[in-house]
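The structure file coords.pdb is reproduced below (PDB, C-alpha atoms).
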```pdb
ATOM      1  CA  VAL A   1       0.000   0.000   0.000  1.00  0.00           C
ATOM      2  CA  GLU A   2       2.608   2.535   1.069  1.00  0.00           C
ATOM      3  CA  MET A   3       4.743   1.868  -2.001  1.00  0.00           C
ATOM      4  CA  ALA A   4       2.466   4.175  -3.992  1.00  0.00           C
ATOM      5  CA  SER A   5       3.195   7.129  -1.708  1.00  0.00           C
ATOM      6  CA  LEU A   6       6.875   6.245  -1.518  1.00  0.00           C
ATOM      7  CA  SER A   7       7.049   6.058  -5.315  1.00  0.00           C
ATOM      8  CA  TRP A   8       5.176   9.328  -5.815  1.00  0.00           C
ATOM      9  CA  GLY A   9       7.469  11.039  -3.317  1.00  0.00           C
ATOM     10  CA  LEU A  10      10.523   9.581  -5.020  1.00  0.00           C
ATOM     11  CA  TRP A  11       9.342  10.929  -8.382  1.00  0.00           C
ATOM     12  CA  GLN A  12       8.539  14.376  -6.997  1.00  0.00           C
ATOM     13  CA  SER A  13      11.944  14.607  -5.295  1.00  0.00           C
ATOM     14  CA  ARG A  14      13.893  12.899  -8.065  1.00  0.00           C
ATOM     15  CA  GLY A  15      16.304  15.808  -8.527  1.00  0.00           C
ATOM     16  CA  ARG A  16      17.331  15.622  -4.881  1.00  0.00           C
ATOM     17  CA  ILE A  17      17.300  11.861  -4.343  1.00  0.00           C
ATOM     18  CA  TRP A  18      16.952   9.555  -7.362  1.00  0.00           C
ATOM     19  CA  GLU A  19      19.340  11.452  -9.606  1.00  0.00           C
ATOM     20  CA  ARG A  20      21.996  11.352  -6.888  1.00  0.00           C
ATOM     21  CA  PHE A  21      21.819   7.569  -6.554  1.00  0.00           C
ATOM     22  CA  SER A  22      24.472   5.381  -8.063  1.00  0.00           C
ATOM     23  CA  GLU A  23      23.314   2.869 -10.670  1.00  0.00           C
ATOM     24  CA  ALA A  24      23.528   0.103  -8.072  1.00  0.00           C
ATOM     25  CA  GLU A  25      21.384   2.113  -5.657  1.00  0.00           C
ATOM     26  CA  ARG A  26      18.793   2.801  -8.361  1.00  0.00           C
ATOM     27  CA  LEU A  27      18.551  -0.881  -9.204  1.00  0.00           C
ATOM     28  CA  GLN A  28      18.215  -1.782  -5.531  1.00  0.00           C
ATOM     29  CA  VAL A  29      15.397   0.730  -4.904  1.00  0.00           C
ATOM     30  CA  ALA A  30      13.636  -0.215  -8.149  1.00  0.00           C
ATOM     31  CA  ALA A  31      13.760  -3.901  -7.237  1.00  0.00           C
ATOM     32  CA  TYR A  32      12.176  -3.121  -3.872  1.00  0.00           C
ATOM     33  CA  LEU A  33       9.362  -1.136  -5.513  1.00  0.00           C
ATOM     34  CA  ARG A  34       8.886  -3.748  -8.231  1.00  0.00           C
ATOM     35  CA  ALA A  35       7.961  -6.258  -5.522  1.00  0.00           C
ATOM     36  CA  CYS A  36       4.456  -4.790  -5.840  1.00  0.00           C
ATOM     37  CA  THR A  37       4.075  -6.690  -9.116  1.00  0.00           C
ATOM     38  CA  ALA A  38       4.403 -10.043  -7.347  1.00  0.00           C
ATOM     39  CA  VAL A  39       1.646  -9.687  -4.753  1.00  0.00           C
ATOM     40  CA  LYS A  40      -2.140  -9.873  -4.895  1.00  0.00           C
ATOM     41  CA  TYR A  41      -4.091  -6.693  -4.151  1.00  0.00           C
ATOM     42  CA  HIS A  42      -7.653  -6.470  -2.914  1.00  0.00           C
ATOM     43  CA  ALA A  43     -10.022  -5.808  -5.826  1.00  0.00           C
ATOM     44  CA  ASN A  44     -10.811  -2.251  -4.748  1.00  0.00           C
ATOM     45  CA  ASN A  45      -8.957   1.068  -4.497  1.00  0.00           C
ATOM     46  CA  TRP A  46      -5.811  -0.875  -3.577  1.00  0.00           C
ATOM     47  CA  LEU A  47      -5.257  -1.665  -7.251  1.00  0.00           C
ATOM     48  CA  LEU A  48      -4.411   1.988  -7.820  1.00  0.00           C
ATOM     49  CA  PHE A  49      -1.434   1.676  -5.455  1.00  0.00           C
ATOM     50  CA  ASN A  50      -0.018  -0.861  -7.888  1.00  0.00           C
ATOM     51  CA  VAL A  51      -0.783   1.504 -10.772  1.00  0.00           C
ATOM     52  CA  ILE A  52       1.165   4.388  -9.234  1.00  0.00           C
ATOM     53  CA  THR A  53       4.182   2.288  -8.310  1.00  0.00           C
ATOM     54  CA  ASN A  54       4.370   0.824 -11.798  1.00  0.00           C
ATOM     55  CA  ALA A  55       3.888   4.253 -13.374  1.00  0.00           C
ATOM     56  CA  VAL A  56       6.776   5.717 -11.383  1.00  0.00           C
ATOM     57  CA  LEU A  57       9.043   2.800 -12.320  1.00  0.00           C
ATOM     58  CA  LYS A  58       8.059   3.429 -15.930  1.00  0.00           C
ATOM     59  CA  LYS A  59       8.918   7.129 -15.675  1.00  0.00           C
ATOM     60  CA  LEU A  60      12.259   6.311 -14.058  1.00  0.00           C
ATOM     61  CA  GLY A  61      13.163   3.916 -16.880  1.00  0.00           C
ATOM     62  CA  MET A  62      13.125   0.884 -14.613  1.00  0.00           C
ATOM     63  CA  PRO A  63      11.434  -2.522 -15.187  1.00  0.00           C
ATOM     64  CA  TYR A  64       7.680  -2.377 -14.584  1.00  0.00           C
ATOM     65  CA  SER A  65       4.467  -4.152 -15.610  1.00  0.00           C
ATOM     66  CA  GLN A  66       2.444  -2.481 -18.357  1.00  0.00           C
ATOM     67  CA  GLU A  67       0.053  -5.414 -18.205  1.00  0.00           C
ATOM     68  CA  GLN A  68      -0.769  -4.614 -14.570  1.00  0.00           C
ATOM     69  CA  LEU A  69      -1.130  -0.930 -15.358  1.00  0.00           C
ATOM     70  CA  ASP A  70      -3.670  -1.636 -18.082  1.00  0.00           C
ATOM     71  CA  ARG A  71      -5.546  -4.345 -16.184  1.00  0.00           C
ATOM     72  CA  ASN A  72      -5.865  -2.432 -12.913  1.00  0.00           C
ATOM     73  CA  LEU A  73      -6.915   0.818 -14.568  1.00  0.00           C
ATOM     74  CA  GLY A  74      -9.535  -1.150 -16.456  1.00  0.00           C
ATOM     75  CA  PHE A  75     -10.841  -2.957 -13.382  1.00  0.00           C
ATOM     76  CA  CYS A  76     -11.191   0.238 -11.360  1.00  0.00           C
ATOM     77  CA  GLU A  77     -13.184   1.709 -14.222  1.00  0.00           C
ATOM     78  CA  SER A  78     -15.834  -0.927 -13.504  1.00  0.00           C
ATOM     79  CA  MET A  79     -16.418   0.627 -10.076  1.00  0.00           C
ATOM     80  CA  TYR A  80     -17.408   4.043 -11.418  1.00  0.00           C
ATOM     81  CA  LEU A  81     -20.988   4.996 -10.540  1.00  0.00           C
ATOM     82  CA  GLY A  82     -21.279   8.400 -12.216  1.00  0.00           C
ATOM     83  CA  GLY A  83     -21.304  11.968 -10.972  1.00  0.00           C
ATOM     84  CA  GLY A  84     -17.663  11.722  -9.886  1.00  0.00           C
ATOM     85  CA  TRP A  85     -18.326   8.878  -7.411  1.00  0.00           C
ATOM     86  CA  TYR A  86     -16.946   5.338  -7.190  1.00  0.00           C
ATOM     87  CA  GLN A  87     -18.032   2.220  -5.325  1.00  0.00           C
ATOM     88  CA  ASP A  88     -15.068   0.725  -3.490  1.00  0.00           C
ATOM     89  CA  GLY A  89     -15.025  -2.948  -4.436  1.00  0.00           C
ATOM     90  CA  ASP A  90     -17.933  -5.326  -4.952  1.00  0.00           C
ATOM     91  CA  VAL A  91     -19.910  -4.066  -1.938  1.00  0.00           C
ATOM     92  CA  PRO A  92     -21.903  -0.794  -1.674  1.00  0.00           C
ATOM     93  CA  ARG A  93     -19.179   1.281   0.015  1.00  0.00           C
ATOM     94  CA  ILE A  94     -19.439   4.908  -1.048  1.00  0.00           C
ATOM     95  CA  ASP A  95     -17.560   7.348   1.185  1.00  0.00           C
ATOM     96  CA  TYR A  96     -14.490   9.571   1.404  1.00  0.00           C
ATOM     97  CA  TYR A  97     -12.274   6.872  -0.070  1.00  0.00           C
ATOM     98  CA  ASN A  98     -13.769   8.252  -3.263  1.00  0.00           C
ATOM     99  CA  ALA A  99     -11.620  11.342  -2.669  1.00  0.00           C
ATOM    100  CA  TRP A 100      -8.449  10.212  -0.969  1.00  0.00           C
ATOM    101  CA  ALA A 101      -8.147   6.914  -2.840  1.00  0.00           C
ATOM    102  CA  PHE A 102      -9.800   6.962  -6.242  1.00  0.00           C
ATOM    103  CA  HIS A 103      -9.474  10.570  -7.393  1.00  0.00           C
ATOM    104  CA  TYR A 104      -6.181  11.190  -5.628  1.00  0.00           C
ATOM    105  CA  TYR A 105      -4.384   8.253  -7.216  1.00  0.00           C
ATOM    106  CA  TYR A 106      -6.091   8.623 -10.584  1.00  0.00           C
ATOM    107  CA  LEU A 107      -4.801  12.201 -10.728  1.00  0.00           C
ATOM    108  CA  MET A 108      -1.320  10.981  -9.782  1.00  0.00           C
ATOM    109  CA  TRP A 109      -1.524   8.553 -12.683  1.00  0.00           C
ATOM    110  CA  ALA A 110      -2.701  11.325 -15.024  1.00  0.00           C
ATOM    111  CA  VAL A 111       0.333  13.432 -14.051  1.00  0.00           C
ATOM    112  CA  LEU A 112       2.753  10.510 -14.331  1.00  0.00           C
ATOM    113  CA  ASP A 113       1.491   8.483 -17.274  1.00  0.00           C
ATOM    114  CA  GLY A 114      -1.504  10.315 -18.703  1.00  0.00           C
ATOM    115  CA  ASP A 115       0.330  10.987 -21.957  1.00  0.00           C
ATOM    116  CA  SER A 116       0.142   7.255 -22.722  1.00  0.00           C
ATOM    117  CA  LYS A 117      -3.677   7.341 -22.584  1.00  0.00           C
ATOM    118  CA  PRO A 118      -4.665  11.005 -23.039  1.00  0.00           C
ATOM    119  CA  GLU A 119      -8.390  10.363 -23.385  1.00  0.00           C
ATOM    120  CA  LEU A 120      -8.453   8.340 -20.170  1.00  0.00           C
ATOM    121  CA  ALA A 121      -6.400  10.979 -18.362  1.00  0.00           C
ATOM    122  CA  SER A 122      -8.841  13.679 -19.485  1.00  0.00           C
ATOM    123  CA  THR A 123     -11.718  11.529 -18.278  1.00  0.00           C
ATOM    124  CA  HIS A 124     -10.267  11.245 -14.788  1.00  0.00           C
ATOM    125  CA  ILE A 125      -9.458  14.937 -14.566  1.00  0.00           C
ATOM    126  CA  ARG A 126     -13.029  15.714 -15.620  1.00  0.00           C
ATOM    127  CA  ARG A 127     -14.438  13.271 -13.056  1.00  0.00           C
ATOM    128  CA  ALA A 128     -12.322  14.806 -10.310  1.00  0.00           C
ATOM    129  CA  GLU A 129     -13.646  18.230 -11.269  1.00  0.00           C
ATOM    130  CA  GLU A 130     -17.187  16.850 -11.235  1.00  0.00           C
ATOM    131  CA  PHE A 131     -16.587  15.414  -7.772  1.00  0.00           C
ATOM    132  CA  LEU A 132     -15.189  18.732  -6.553  1.00  0.00           C
ATOM    133  CA  PHE A 133     -18.159  20.735  -7.775  1.00  0.00           C
ATOM    134  CA  GLY A 134     -20.611  18.227  -6.331  1.00  0.00           C
ATOM    135  CA  PHE A 135     -18.774  17.839  -3.037  1.00  0.00           C
ATOM    136  CA  SER A 136     -18.604  21.593  -2.533  1.00  0.00           C
ATOM    137  CA  ARG A 137     -22.375  21.518  -2.148  1.00  0.00           C
ATOM    138  CA  LEU A 138     -21.951  19.265   0.888  1.00  0.00           C
ATOM    139  CA  MET A 139     -19.698  21.820   2.617  1.00  0.00           C
ATOM    140  CA  SER A 140     -21.247  24.439   4.878  1.00  0.00           C
ATOM    141  CA  ALA A 141     -20.215  28.083   4.848  1.00  0.00           C
ATOM    142  CA  ASP A 142     -17.722  27.521   7.685  1.00  0.00           C
ATOM    143  CA  GLY A 143     -16.055  24.511   6.000  1.00  0.00           C
ATOM    144  CA  ALA A 144     -17.752  21.683   7.908  1.00  0.00           C
ATOM    145  CA  THR A 145     -18.497  18.525   5.909  1.00  0.00           C
ATOM    146  CA  PRO A 146     -20.637  15.433   6.625  1.00  0.00           C
ATOM    147  CA  CYS A 147     -18.888  12.794   8.718  1.00  0.00           C
ATOM    148  CA  PHE A 148     -19.660   9.416   7.180  1.00  0.00           C
ATOM    149  CA  GLY A 149     -17.974   6.225   6.033  1.00  0.00           C
ATOM    150  CA  ARG A 150     -14.665   4.638   6.969  1.00  0.00           C
ATOM    151  CA  SER A 151     -11.398   6.059   8.258  1.00  0.00           C
ATOM    152  CA  GLU A 152     -12.830   9.393   9.380  1.00  0.00           C
ATOM    153  CA  ILE A 153      -9.676   9.940  11.448  1.00  0.00           C
ATOM    154  CA  TYR A 154      -8.014  10.932   8.158  1.00  0.00           C
ATOM    155  CA  ARG A 155     -10.065  14.135   8.562  1.00  0.00           C
ATOM    156  CA  PHE A 156      -9.100  16.652   5.876  1.00  0.00           C
ATOM    157  CA  ALA A 157      -7.448  14.069   3.599  1.00  0.00           C
ATOM    158  CA  PHE A 158     -10.425  14.586   1.268  1.00  0.00           C
ATOM    159  CA  ILE A 159      -8.654  17.812   0.259  1.00  0.00           C
ATOM    160  CA  ALA A 160      -5.732  15.861  -1.266  1.00  0.00           C
ATOM    161  CA  PRO A 161      -7.258  15.306  -4.740  1.00  0.00           C
ATOM    162  CA  ILE A 162      -8.721  18.803  -4.702  1.00  0.00           C
ATOM    163  CA  ALA A 163      -5.234  20.231  -4.240  1.00  0.00           C
ATOM    164  CA  LEU A 164      -3.795  17.877  -6.862  1.00  0.00           C
ATOM    165  CA  LEU A 165      -6.326  19.204  -9.374  1.00  0.00           C
ATOM    166  CA  ALA A 166      -4.373  22.448  -9.289  1.00  0.00           C
ATOM    167  CA  LEU A 167      -1.529  20.505 -10.896  1.00  0.00           C
ATOM    168  CA  ALA A 168      -3.518  18.251 -13.220  1.00  0.00           C
ATOM    169  CA  GLY A 169      -6.596  20.332 -14.009  1.00  0.00           C
ATOM    170  CA  ASP A 170      -7.292  22.926 -16.666  1.00  0.00           C
ATOM    171  CA  GLU A 171      -6.872  26.478 -15.412  1.00  0.00           C
ATOM    172  CA  GLY A 172      -9.322  27.611 -18.055  1.00  0.00           C
ATOM    173  CA  SER A 173     -12.085  25.415 -16.659  1.00  0.00           C
ATOM    174  CA  THR A 174     -14.921  27.654 -15.513  1.00  0.00           C
ATOM    175  CA  GLY A 175     -14.572  28.457 -11.831  1.00  0.00           C
ATOM    176  CA  LEU A 176     -12.236  25.537 -11.146  1.00  0.00           C
ATOM    177  CA  PHE A 177      -9.367  27.261  -9.382  1.00  0.00           C
ATOM    178  CA  GLY A 178     -11.624  29.484  -7.290  1.00  0.00           C
ATOM    179  CA  ARG A 179     -13.582  26.440  -6.169  1.00  0.00           C
ATOM    180  CA  LEU A 180     -10.329  24.593  -5.441  1.00  0.00           C
ATOM    181  CA  ARG A 181      -9.141  27.361  -3.161  1.00  0.00           C
ATOM    182  CA  SER A 182     -12.469  27.770  -1.398  1.00  0.00           C
ATOM    183  CA  VAL A 183     -13.004  24.081  -0.630  1.00  0.00           C
ATOM    184  CA  ALA A 184      -9.385  23.424   0.367  1.00  0.00           C
ATOM    185  CA  GLY A 185      -9.060  26.565   2.456  1.00  0.00           C
ATOM    186  CA  LEU A 186     -12.391  26.231   4.249  1.00  0.00           C
ATOM    187  CA  GLY A 187     -11.936  22.495   4.811  1.00  0.00           C
ATOM    188  CA  LEU A 188      -8.553  22.977   6.451  1.00  0.00           C
ATOM    189  CA  LYS A 189      -9.682  26.006   8.448  1.00  0.00           C
ATOM    190  CA  TRP A 190     -12.629  24.151   9.963  1.00  0.00           C
ATOM    191  CA  PHE A 191     -10.467  21.333  11.299  1.00  0.00           C
ATOM    192  CA  LEU A 192      -7.632  23.605  12.417  1.00  0.00           C
ATOM    193  CA  THR A 193     -10.027  25.524  14.655  1.00  0.00           C
ATOM    194  CA  LYS A 194     -10.889  22.274  16.486  1.00  0.00           C
ATOM    195  CA  PRO A 195      -8.838  20.504  19.198  1.00  0.00           C
ATOM    196  CA  ILE A 196      -7.517  17.902  16.765  1.00  0.00           C
ATOM    197  CA  LEU A 197      -3.943  17.800  18.113  1.00  0.00           C
ATOM    198  CA  SER A 198      -2.717  15.592  20.921  1.00  0.00           C
ATOM    199  CA  ALA A 199      -0.760  16.960  23.884  1.00  0.00           C
ATOM    200  CA  ASP A 200       2.506  16.321  22.050  1.00  0.00           C
ATOM    201  CA  GLY A 201       1.329  18.127  18.916  1.00  0.00           C
ATOM    202  CA  HIS A 202       0.414  15.147  16.736  1.00  0.00           C
ATOM    203  CA  LEU A 203      -2.899  14.618  14.972  1.00  0.00           C
ATOM    204  CA  SER A 204      -5.058  12.660  17.388  1.00  0.00           C
ATOM    205  CA  LEU A 205      -6.989   9.485  16.610  1.00  0.00           C
ATOM    206  CA  GLY A 206     -10.441  10.956  16.137  1.00  0.00           C
ATOM    207  CA  TYR A 207     -12.355  13.652  14.289  1.00  0.00           C
ATOM    208  CA  VAL A 208     -12.805  16.993  16.063  1.00  0.00           C
ATOM    209  CA  GLY A 209     -10.713  15.483  18.832  1.00  0.00           C
ATOM    210  CA  ALA A 210      -9.522  12.098  20.071  1.00  0.00           C
ATOM    211  CA  CYS A 211     -12.323   9.495  19.817  1.00  0.00           C
ATOM    212  CA  SER A 212     -11.473   5.825  20.226  1.00  0.00           C
ATOM    213  CA  ASP A 213     -14.978   4.776  19.148  1.00  0.00           C
ATOM    214  CA  MET A 214     -14.161   5.920  15.600  1.00  0.00           C
ATOM    215  CA  LEU A 215     -11.114   3.701  15.118  1.00  0.00           C
ATOM    216  CA  GLU A 216     -10.954   0.973  12.494  1.00  0.00           C
ATOM    217  CA  HIS A 217      -9.015  -2.242  13.026  1.00  0.00           C
ATOM    218  CA  TYR A 218      -6.180  -0.815  10.889  1.00  0.00           C
ATOM    219  CA  SER A 219      -5.985   2.577  12.668  1.00  0.00           C
ATOM    220  CA  CYS A 220      -2.747   3.438  14.411  1.00  0.00           C
ATOM    221  CA  GLY A 221      -0.891   6.463  15.712  1.00  0.00           C
ATOM    222  CA  GLY A 222       0.483   7.280  12.287  1.00  0.00           C
ATOM    223  CA  SER A 223      -2.816   6.958  10.430  1.00  0.00           C
ATOM    224  CA  PRO A 224      -3.957  10.608  10.636  1.00  0.00           C
TER     225      PRO A 224
END
```
Write-out of the structure in structure tokens:
Amino acid sequence: VEMASLSWGLWQSRGRIWERFSEAERLQVAAYLRACTAVKYHANNWLLFNVITNAVLKKLGMPYSQEQLDRNLGFCESMYLGGGWYQDGDVPRIDYYNAWAFHYYYLMWAVLDGDSKPELASTHIRRAEEFLFGFSRLMSADGATPCFGRSEIYRFAFIAPIALLALAGDEGSTGLFGRLRSVAGLGLKWFLTKPILSADGHLSLGYVGACSDMLEHYSCGGSP
């Protein structure tokens, strides 16, 4: 799972890290990341973690699996419901994973590898915009949003794909950048005016504050 974020970070920081590696170091890191091609992922948003890791390996000129890229992008397409919303897997789970899993990683892919499938990349950018405009109607004037679904301790992580749209989206799209700023700014402001930090300054395990009743079986101190 975390290989996607590690890969994305490695690509974004390539001038400071990857390009300073020796050839042996590059091969060693690439082999570690390529381990994602040898494991089975759950048939849900997890497939996009594989997509991002493979896409970064591709961009770095390292061995990767195009077959997995194509297959996993295609499978995730089957979960699209319309209106910018996805169902996560083969059960009716529709929640904020739509933002911080589907749109976030699809936009990463569009930035990394969208040139290989420009029509598909445009589709995902358009869907993310559609989600943004629809989701903004769920946000109150002070930035509060409905609390529903899984992993609510991630709090303002729903802003991640909204911010990434500033990189992947079309600046000429009507009202896009103003809506981006409003939703991201208000969403952050609402949470930052709540007691969300622990005594030692870390994000607590909860929503407006620490709340153990909200934890999932996979929640841990580093989750927020």
If the PyMOL selection byres ((chain A and resi 129) around 8) is run on the structure shown, which residues does it catch, given as a list in words?
Gly84, Ile125, Arg126, Arg127, Ala128, Glu130, Phe131, Leu132, Phe133, Leu165, Gly169 and Leu176 of chain A
Can you tell me which residues surround Thr193 in chain A at a distance of at most 12 Å, considering all atoms listed in the file, apart from same-chain residues fewer than 2 positions away, and format the answer as a compact mmCIF listing (two decimals) with C-alpha atoms, in the coordinates of the input?
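As a result, result_21.txt now contains:
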```txt
# COMPACT_ATOMS: atom_id res chain seq x y z
CA ASP A 142 -17.72 27.52 7.68
CA GLY A 143 -16.06 24.51 6.00
CA ALA A 144 -17.75 21.68 7.91
CA LEU A 186 -12.39 26.23 4.25
CA GLY A 187 -11.94 22.50 4.81
CA LEU A 188 -8.55 22.98 6.45
CA LYS A 189 -9.68 26.01 8.45
CA TRP A 190 -12.63 24.15 9.96
CA PHE A 191 -10.47 21.33 11.30
CA PRO A 195 -8.84 20.50 19.20
CA ILE A 196 -7.52 17.90 16.76
CA LEU A 197 -3.94 17.80 18.11
CA VAL A 208 -12.80 16.99 16.06
CA GLY A 209 -10.71 15.48 18.83
```
Using all atoms listed in the file, the residue out of A:Asp90, A:Asp95, A:Glu67, A:Glu152 with shortest distance to Ser223 in chain A is A:Glu152
Give me the residues near Trp85 in chain A as a VMD selection string, where near means some atom within 8 Å (using only C-alpha atoms) and where sequence neighbours in that chain fewer than 3 positions away do not count.
chain A and resid 80 to 82 94 98 131
Writer output for current selection, C-alpha atoms, as an mmCIF file, keeping the file's coordinate frame:
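Output (part_31.cif):
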```
data_model
loop_
_atom_site.group_PDB
_atom_site.id
_atom_site.type_symbol
_atom_site.label_atom_id
_atom_site.label_comp_id
_atom_site.auth_asym_id
_atom_site.auth_seq_id
_atom_site.Cartn_x
_atom_site.Cartn_y
_atom_site.Cartn_z
ATOM 1 C CA TYR A 80 -17.408 4.043 -11.418
ATOM 2 C CA LEU A 81 -20.988 4.996 -10.540
ATOM 3 C CA GLY A 82 -21.279 8.400 -12.216
ATOM 4 C CA ILE A 94 -19.439 4.908 -1.048
ATOM 5 C CA ASN A 98 -13.769 8.252 -3.263
ATOM 6 C CA PHE A 131 -16.587 15.414 -7.772
#
```
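With distances restricted to all atoms listed in the file, A:Tyr97 is the closest residue to Gly149 in chain A from A:Tyr97, A:Tyr32, A:Tyr41, A:Tyr64.
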With the file shown as input, list the residues that the PyMOL selection byres ((chain A and resi 15-31) around 12) selects, as an MDAnalysis selection string.
chainID A and resid 3 6:14 32:38 53:64
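Here the PyMOL selection byres ((chain A and resi 105-116) around 7) matches the residues A:Leu48, A:Ile52, A:Ala55, A:Val56, A:Ala101, A:Phe102, A:His103, A:Tyr104, A:Lys117, A:Pro118, A:Ala121, A:His124, A:Ile125, A:Leu164, A:Ala168.
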Export, as a CSV table (one decimal), in the coordinates of the input, the selected residues with C-alpha atoms.
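Final output, again_10.csv:
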```csv
chain,number,residue,atom,x,y,z
A,48,LEU,CA,-4.4,2.0,-7.8
A,52,ILE,CA,1.2,4.4,-9.2
A,55,ALA,CA,3.9,4.3,-13.4
A,56,VAL,CA,6.8,5.7,-11.4
A,101,ALA,CA,-8.1,6.9,-2.8
A,102,PHE,CA,-9.8,7.0,-6.2
A,103,HIS,CA,-9.5,10.6,-7.4
A,104,TYR,CA,-6.2,11.2,-5.6
A,117,LYS,CA,-3.7,7.3,-22.6
A,118,PRO,CA,-4.7,11.0,-23.0
A,121,ALA,CA,-6.4,11.0,-18.4
A,124,HIS,CA,-10.3,11.2,-14.8
A,125,ILE,CA,-9.5,14.9,-14.6
A,164,LEU,CA,-3.8,17.9,-6.9
A,168,ALA,CA,-3.5,18.3,-13.2
```
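Taking CA of Ala160 in chain A and CA of Ala99 in chain A as the two end points, the separation is 7.6 Å.
Closest approach to Leu138 in chain A from the set A:Leu167, A:Ala43, A:Leu120, A:Val183 is made by A:Val183, with distances taken over only C-alpha atoms.
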Point out the residue among A:Asn50, A:Glu216, A:Glu77, A:Cys211 with the least atom-to-atom distance to Ser65 in chain A, counting only C-alpha atoms.
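Of A:Asn50, A:Glu216, A:Glu77, A:Cys211, the one nearest Ser65 in chain A is A:Asn50, counting only C-alpha atoms.
Take CA of Ser151 in chain A and CA of Ala210 in chain A: the distance between them is 13.4 Å.
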Write range 178-191 of chain A as a compact mmCIF listing (two decimals), keeping the file's coordinate frame, completed to N, CA, C and O atoms.
```
# COMPACT_ATOMS: atom_id res chain seq x y z
N GLY A 178 -10.97 28.83 -8.42
CA GLY A 178 -11.62 29.48 -7.29
C GLY A 178 -12.29 28.49 -6.38
O GLY A 178 -12.23 28.60 -5.15
N ARG A 179 -12.94 27.48 -6.96
CA ARG A 179 -13.58 26.44 -6.17
C ARG A 179 -12.53 25.60 -5.43
O ARG A 179 -12.74 25.23 -4.28
N LEU A 180 -11.41 25.32 -6.10
CA LEU A 180 -10.33 24.59 -5.44
C LEU A 180 -9.89 25.31 -4.17
O LEU A 180 -9.78 24.72 -3.10
N ARG A 181 -9.65 26.59 -4.30
CA ARG A 181 -9.14 27.36 -3.16
C ARG A 181 -10.17 27.44 -2.04
O ARG A 181 -9.84 27.32 -0.86
N SER A 182 -11.42 27.64 -2.41
CA SER A 182 -12.47 27.77 -1.40
C SER A 182 -12.64 26.49 -0.60
O SER A 182 -12.67 26.50 0.64
N VAL A 183 -12.77 25.36 -1.31
CA VAL A 183 -13.00 24.08 -0.63
C VAL A 183 -11.79 23.67 0.20
O VAL A 183 -11.91 23.25 1.36
N ALA A 184 -10.59 23.81 -0.36
CA ALA A 184 -9.38 23.42 0.37
C ALA A 184 -9.16 24.33 1.58
O ALA A 184 -8.88 23.86 2.68
N GLY A 185 -9.29 25.63 1.36
CA GLY A 185 -9.06 26.56 2.46
C GLY A 185 -10.06 26.42 3.58
O GLY A 185 -9.71 26.37 4.76
N LEU A 186 -11.35 26.36 3.22
CA LEU A 186 -12.39 26.23 4.25
C LEU A 186 -12.29 24.89 4.97
O LEU A 186 -12.47 24.81 6.19
N GLY A 187 -12.03 23.81 4.20
CA GLY A 187 -11.94 22.50 4.81
C GLY A 187 -10.82 22.41 5.83
O GLY A 187 -10.99 21.84 6.92
N LEU A 188 -9.66 22.96 5.50
CA LEU A 188 -8.55 22.98 6.45
C LEU A 188 -8.86 23.86 7.65
O LEU A 188 -8.62 23.49 8.80
N LYS A 189 -9.41 25.05 7.37
CA LYS A 189 -9.68 26.01 8.45
C LYS A 189 -10.63 25.42 9.48
O LYS A 189 -10.42 25.59 10.69
N TRP A 190 -11.66 24.70 9.02
CA TRP A 190 -12.63 24.15 9.96
C TRP A 190 -11.96 23.20 10.95
O TRP A 190 -12.16 23.28 12.15
N PHE A 191 -11.13 22.29 10.42
CA PHE A 191 -10.47 21.33 11.30
C PHE A 191 -9.41 21.99 12.18
O PHE A 191 -9.22 21.62 13.34
```
